[in-house]
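Engineer: Pasting in a structure now, in structure tokens, and then I'll have a few things to ask.
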Amino acid sequence: MYGVANEPSSGLKIGVLASNPDLYSNKRIMEAGINRGHDMVFLDIKHCYMKLDAETPEIHYRGGWILNDFDAVIPRIRPQLTFYGCALTRHFESIGVHPLNSASAISYSRDKLYSLQLLQRKGLDIPTTGFANSPMDTSELIDMVGGAPLIVKLLEGTQGRGVVLAETRKAGESVINAIKSLNANLLVQEFIKEAQGRDLRCFVIDGKVIASIERRAAPGEFRANLHQGGTAALVRITPEERKLAIKATKTMGLQVAGVDIIRSARGPLLLEINSSPGLEGIETATGKDIAGDMIASVERSLNWQPKTKNPGSAGVSNQV
């Protein structure tokens, strides 16, 4: 457990529930919380375990620590740990610890199919998408999204991984059937050619878009994700795009989200909503203190006001 050694503080005790303390986003959130006068503790998801009990429910940490005295947790759950990370977040909620994003909202956002169903139910525009269980329906799925070229997405993919562009119908059939033979679930989605390998990432906190960037795919690549070699630049979004990002975040029940939007000939379309959006690309491109805005959101949720003590006096140590 990696945290803050601080003299008695009037700040909040906030846990960053994640896997890698050296990741840019996690380091920035820790730093931002310390700078605002809070006791910040990095909690490795895999080192946490739970006690379920009607009278004394608890969350424990390897080494004998009990974590019930936290004011808030900021879940930063990697996709491979979604089930356990959400279970921990849910348990924190049950003992009165405020999560920056709730377990249910994170779960919804991680299910690509369910999230698209929630968004379409609210009338939000998404790319035409097909889903089926049997390879026998492959041909109709391809027709459903307008034929080739088309996008094939693994339901559990993230950061652009598990996303394939099939440029011909035959290639689409081969990819879909190959994935189906592995008993993996996939979505088939229309390819928006006019986007030219670009999309928008809108960072939403407490119902407001606080920063936006345009992500551009690397040469020869169709995915604009920064993890796939894409680049980011400042962009001015339209009122329609802003409204779409905010409504999508509210639909998912998220307090903080990265909303990916693509510009099409028929207007902006929602691609995906990320409950643990990365900070490096958007902070670098915009120069904004997004991590600080996330901590401020926790403060507002808990009605916390800074005292006269100078923020930033906390030091970092290896134990609490």
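Residues are referred to by chain and number: the chain letter is A, B, ... according to the order shown in the structure tokens, the number counts from 1 in that chain, and ligands are numbered separately from 1 in the order shown.
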Contacts of Leu271 in chain A at 10 Å or less, counting only C-alpha atoms, minus same-chain residues fewer than 2 places along, as a list in words?

Structural biologist: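 Final neighbour list, sorted by chain and number: Lys112, Leu116, Asp125, Ile126, Pro127, Asp199, Leu200, Arg201, Val259, Asp260, Ile261, Ile262, Pro268, Leu269 and Ile273 of chain A.
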
Engineer: Taking the chain letters and numbering used in this document, name the residues of range 118-265 of chain A that DSSP puts in helix (DSSP H, G or I), as number ranges by chain.

Structural biologist: A: 118-121, 135-144, 169-181, 193-195, 226-228, 239-252

Engineer: How about saving the chosen residues, C-alpha atoms kept, as a compact mmCIF listing (two decimals), in the first residue's frame?

Structural biologist:
# COMPACT_ATOMS: atom_id res chain seq x y z
CA LEU A 118 -28.53 1.96 -23.08
CA LEU A 119 -27.43 4.78 -25.38
CA GLN A 120 -29.81 3.90 -28.22
CA ARG A 121 -32.63 3.58 -25.68
CA PRO A 135 -21.73 -17.84 -37.51
CA MET A 136 -24.67 -18.80 -39.72
CA ASP A 137 -25.87 -15.19 -39.42
CA THR A 138 -22.57 -13.63 -40.55
CA SER A 139 -23.76 -12.63 -44.00
CA GLU A 140 -26.85 -10.87 -42.68
CA LEU A 141 -24.77 -9.09 -40.02
CA ILE A 142 -22.52 -7.66 -42.70
CA ASP A 143 -25.53 -6.51 -44.74
CA MET A 144 -27.03 -4.99 -41.59
CA ARG A 169 -16.85 -8.74 -47.52
CA LYS A 170 -14.78 -11.91 -47.74
CA ALA A 171 -12.29 -10.56 -45.19
CA GLY A 172 -15.19 -9.63 -42.90
CA GLU A 173 -16.66 -13.11 -43.10
CA SER A 174 -13.28 -14.69 -42.38
CA VAL A 175 -12.58 -12.50 -39.35
CA ILE A 176 -16.06 -12.91 -37.88
CA ASN A 177 -16.10 -16.68 -38.32
CA ALA A 178 -12.56 -17.06 -36.96
CA ILE A 179 -13.45 -15.13 -33.81
CA LYS A 180 -16.72 -17.02 -33.42
CA SER A 181 -14.82 -20.33 -33.63
CA LYS A 193 -15.03 6.47 -44.02
CA GLU A 194 -15.43 10.24 -43.88
CA ALA A 195 -13.93 10.34 -40.36
CA LEU A 226 -3.13 7.03 -28.62
CA HIS A 227 -2.08 3.55 -27.45
CA GLN A 228 -2.03 2.53 -31.13
CA PRO A 239 -22.69 22.39 -29.13
CA GLU A 240 -24.23 19.18 -30.53
CA GLU A 241 -21.09 17.19 -29.72
CA ARG A 242 -20.92 18.68 -26.23
CA LYS A 243 -24.55 17.80 -25.57
CA LEU A 244 -24.01 14.26 -26.85
CA ALA A 245 -20.99 13.69 -24.56
CA ILE A 246 -22.80 14.99 -21.49
CA LYS A 247 -25.99 13.03 -22.14
CA ALA A 248 -24.02 9.84 -22.79
CA THR A 249 -22.16 10.20 -19.48
CA LYS A 250 -25.39 10.77 -17.57
CA THR A 251 -27.02 7.81 -19.31
CA MET A 252 -24.23 5.55 -18.04

Engineer: Using only C-alpha atoms, find the one residue out of A:Gly292, A:Pro21, A:Pro79, A:Gly207 that sits nearest to Ser276 in chain A.

Structural biologist: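 Of all the options, A:Pro79 lies closest to Ser276 in chain A.
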
Engineer: To one decimal place in Å, what is the distance between CA of Lys288 in chain A and CA of Arg198 in chain A?

Structural biologist: 21.8 Å

Engineer: Rounded to one decimal, what separation in Å do you get between CA of Gly197 in chain A and CA of Pro277 in chain A?

Structural biologist: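 Separating CA of Gly197 in chain A from CA of Pro277 in chain A is a distance of 19.8 Å.
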
Engineer: Go through A:Cys202, A:Ile77, A:Met294, A:Leu302 and flag the residue nearest Glu272 in chain A, using only C-alpha atoms for the distances.

Structural biologist: A:Cys202

Engineer: Mind the document's chain letters and residue numbers, and return as a PyMOL selection string the residues of range 76-307 of chain A that DSSP labels strand (DSSP E).

Structural biologist: chain A and resi 98-99+129-130+150-154+163-166+186-190+198-205+208-216+231-234+256-264+267-274
